[in-house]
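S.K.: Pasting a structure here, questions to come.
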Amino acid sequence: MRRVHPIELESYRILRGLVDLSHMSPLSRAVAERVIHASADLEYAETLVLDETALEASLEALRGDAPVVTDVGMVAAGITARETLCLVADPRAKDLSERLSITRSAAGFRLAAEEVGPGALWVVGNAPTALFELLELEAAPALVVGLPVGFVGAAESKEALMESGLPAVVNYGRKGGSAVAAAALNAILYFEEVEGNGGGARGSRIGGAGRGE
């Protein structure tokens, strides 16, 4: 059981005083709160797109020891409760990226798809190219956390993820990053240890269709 530090408890108390997420379903609320907590950015309350049914399925997948794949080492380092697979620094990814003229993150995902098979959780916090690559693969993910950051391709890769119909945690716009992507996955891992997740309707969504940059 993870011990929650009093500072973290106080931080969540302040967060809940600034934004009301009580209308959300439990897992959706847990993910939204942890992303906001990791970033101190209340805008995520408006731009995250979450689906409770997909999150419930991903929780079951994690309970069944489904693999977790990350695009970069910073995301992997932030996921503290589960071993992850990150092949961005693998020599094979370097060779593949040079041969195909793709980024190492994209090459790492291509290699990982061959290793983990269907039903894995894929976490993208840095590289839009990795997310685009994943959408081209027949990976059959249990969940895609698609929260890359940046001015080139980040928003577009997220739009493509939403259009794909894959189960996902995603947001509109350029914001994202390794910390928030890891936070989203950690929220699911830690869900049963968190008290006061609240209630709400099944299938809550924050952010509506058609909202974007």
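Going by the structure tokens order, chains are called A, B, ..., each with residues numbered from 1, while ligands are numbered from 1 in the order shown.
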Would you write out, as a tab-separated table, a table of all residues in region 20-112 of chain A that have an atom no more than 6 Å from an atom of region 123-135 of chain A, listing for each the closest atom pair and the distance in Å to one decimal, considering only C-alpha atoms and ordering rows by chain and rising residue number?
M.R.:
```
residue	atom	partner	partner_atom	distance
A:Thr70	CA	A:Val123	CA	4.8
A:Asp71	CA	A:Val124	CA	5.3
A:Ser105	CA	A:Ala130	CA	5.3
A:Ala106	CA	A:Ala130	CA	4.1
```
S.K.: Would you save the residues of that selection, restricted to C-alpha atoms, as an mmCIF file, in the first residue's frame?
M.R.:
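Listed below is the output, part26.cif:
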```cif
data_model
loop_
_atom_site.group_PDB
_atom_site.id
_atom_site.type_symbol
_atom_site.label_atom_id
_atom_site.label_comp_id
_atom_site.auth_asym_id
_atom_site.auth_seq_id
_atom_site.Cartn_x
_atom_site.Cartn_y
_atom_site.Cartn_z
ATOM 1 C CA THR A 70 6.226 4.126 -22.867
ATOM 2 C CA ASP A 71 7.582 6.386 -25.582
ATOM 3 C CA SER A 105 10.480 6.819 -30.275
ATOM 4 C CA ALA A 106 8.476 5.672 -33.279
#
```
S.K.: Would you pick out the contacts of Ala182 (chain A) at 10 Å or less, using only C-alpha atoms, so that residues sharing its chain but fewer than 6 positions from it are not included, and give the list as a list of chain:residue names?
M.R.: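 Close residues of Ala182 (chain A): A:Arg34, A:Val35, A:Ala38, A:Thr70, A:Met74, A:Val75, A:Ala76, A:Ala77, A:Gly78, A:Ile79, A:Thr80, A:Val123, A:Val124, A:Gly125, A:Val145, A:Leu147.
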S.K.: Enumerate, in order of chain and increasing residue number, the residues of region 3-104 of chain A with an atom no farther than 12 Å from region 160-163 of chain A, each with its shortest atom pair and distance in Å to one decimal, counting only C-alpha atoms, as a Markdown table.
M.R.:
```
| residue | atom | partner | partner_atom | distance |
| --- | --- | --- | --- | --- |
| A:Leu48 | CA | A:Met162 | CA | 11.3 |
| A:Val49 | CA | A:Met162 | CA | 8.7 |
| A:Leu50 | CA | A:Met162 | CA | 10.5 |
| A:Asp51 | CA | A:Met162 | CA | 11.3 |
```
S.K.: Give the strand (DSSP E) residues of region 67-205 of chain A, as DSSP finds them on the backbone, and put them as a tab-separated table (two decimals) with N, CA and C atoms, in the first residue's frame.
M.R.:
```
chain	number	residue	atom	x	y	z
A	68	VAL	N	3.04	-2.47	-19.96
A	68	VAL	CA	2.94	-1.02	-20.11
A	68	VAL	C	4.13	-0.57	-20.95
A	69	VAL	N	3.85	0.11	-22.06
A	69	VAL	CA	4.88	0.56	-22.98
A	69	VAL	C	4.92	2.08	-22.96
A	70	THR	N	6.10	2.67	-22.88
A	70	THR	CA	6.23	4.13	-22.87
A	70	THR	C	7.08	4.60	-24.04
A	121	LEU	N	-0.91	-1.52	-22.45
A	121	LEU	CA	-1.21	-0.10	-22.25
A	121	LEU	C	-0.03	0.70	-22.78
A	122	TRP	N	-0.31	1.67	-23.63
A	122	TRP	CA	0.71	2.47	-24.30
A	122	TRP	C	0.62	3.90	-23.78
A	123	VAL	N	1.76	4.44	-23.35
A	123	VAL	CA	1.76	5.75	-22.70
A	123	VAL	C	2.70	6.69	-23.47
A	124	VAL	N	2.14	7.77	-24.01
A	124	VAL	CA	2.90	8.73	-24.81
A	124	VAL	C	2.83	10.08	-24.12
A	143	LEU	N	-5.38	0.35	-23.62
A	143	LEU	CA	-5.55	1.79	-23.42
A	143	LEU	C	-4.36	2.50	-24.03
A	144	VAL	N	-4.63	3.68	-24.60
A	144	VAL	CA	-3.56	4.56	-25.06
A	144	VAL	C	-3.66	5.86	-24.26
A	145	VAL	N	-2.62	6.16	-23.50
A	145	VAL	CA	-2.52	7.47	-22.86
A	145	VAL	C	-1.78	8.36	-23.86
A	146	GLY	N	-2.51	9.22	-24.53
A	146	GLY	CA	-1.93	10.04	-25.58
A	146	GLY	C	-1.85	11.49	-25.15
A	168	ALA	N	-8.81	5.48	-24.88
A	168	ALA	CA	-7.73	6.44	-24.70
A	168	ALA	C	-7.98	7.39	-23.55
A	169	VAL	N	-6.88	7.92	-23.04
A	169	VAL	CA	-6.84	9.14	-22.23
A	169	VAL	C	-6.13	10.16	-23.10
A	170	VAL	N	-6.79	11.27	-23.40
A	170	VAL	CA	-6.24	12.22	-24.36
A	170	VAL	C	-6.75	13.61	-24.01
A	171	ASN	N	-6.10	14.62	-24.57
A	171	ASN	CA	-6.58	15.99	-24.37
A	171	ASN	C	-6.47	16.76	-25.67
```
S.K.: Could you list, as a ChimeraX atom specification, every residue within 9 Å of Leu59 (chain A), counting only C-alpha atoms and ignoring same-chain residues fewer than 5 positions away?
M.R.: /A:54,64,188-189,191
S.K.: Taking the DSSP secondary structure from the backbone, can you list the residues of region 12-154 of chain A that are helix (DSSP H, G or I), as JSON, numbers by chain?
M.R.: {"A": [12, 13, 14, 15, 16, 17, 18, 26, 27, 28, 29, 30, 31, 32, 33, 34, 35, 36, 37, 38, 39, 44, 45, 46, 47, 52, 53, 54, 55, 56, 57, 58, 59, 60, 61, 62, 63, 73, 74, 75, 76, 77, 78, 91, 92, 93, 94, 95, 96, 97, 98, 99, 100, 104, 105, 106, 107, 108, 109, 110, 111, 112, 113, 114, 115, 116, 128, 129, 130, 131, 132, 133, 134, 135, 136, 154]}
S.K.: For Arg13 (chain A), list every protein, DNA or RNA residue within 12 Å, evaluated using only C-alpha atoms, and leave out those in the same chain fewer than 5 positions away; present the list as a PDB file with C-alpha atoms, in the first residue's frame.
M.R.:
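What landed in selection-v3.pdb:
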```pdb
ATOM      1  CA  PRO A   6       0.482  14.889   4.131  1.00  0.00           C
ATOM      2  CA  ILE A   7       1.732  17.450   1.595  1.00  0.00           C
ATOM      3  CA  GLU A   8       0.100  15.459  -1.189  1.00  0.00           C
ATOM      4  CA  LEU A  18     -10.211  25.265  -7.118  1.00  0.00           C
ATOM      5  CA  VAL A  19     -12.016  22.943  -9.514  1.00  0.00           C
ATOM      6  CA  ASP A  20     -15.115  20.809  -8.999  1.00  0.00           C
ATOM      7  CA  GLU A  33      -7.190  15.095 -10.567  1.00  0.00           C
ATOM      8  CA  HIS A  37      -2.008  17.763  -9.594  1.00  0.00           C
ATOM      9  CA  GLY A 196     -12.926   9.919  -1.839  1.00  0.00           C
TER      10      GLY A 196
END
```
S.K.: Looking at only C-alpha atoms, which of A:Glu43, A:Glu83, A:Glu159, A:Glu192 is the one that sits closest to Lys175 (chain A)?
M.R.: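 Among the listed residues, the smallest separation from Lys175 (chain A) belongs to A:Glu43.
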S.K.: Would you please work out which residue, of A:Ser39, A:Ser22, A:Thr53, A:Ser11, is nearest to Gly177 (chain A) when using only C-alpha atoms?
M.R.: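 That would be A:Ser39, the residue with the smallest distance to Gly177 (chain A).
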S.K.: Which value, in Å to one decimal, gives the distance between CA of Asp95 (chain A) and CA of Ala112 (chain A)?
M.R.: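 Those two atoms sit 14.5 Å apart.
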S.K.: Can you tell me how far CA of Ala120 (chain A) sits from CA of Asn186 (chain A), in Å to one decimal?
M.R.: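 For CA of Ala120 (chain A) relative to CA of Asn186 (chain A), the distance reads 15.1 Å.
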S.K.: So how far away is CA of Ala30 (chain A) from CA of Leu42 (chain A), in Å?
M.R.: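 It comes out at 14.3 Å.
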S.K.: Would you please work out which residue, of A:Asp41, A:Asp65, A:Glu46, A:Glu10, is nearest to Thr84 (chain A) when using only C-alpha atoms?
M.R.: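 Closest residue, counting only C-alpha atoms: A:Asp65.
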S.K.: Using only C-alpha atoms, find the one residue out of A:Leu96, A:Leu85, A:Ile14, A:Met24 that sits nearest to Pro67 (chain A).
M.R.: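 Under the stated criterion, the closest residue is A:Leu85.
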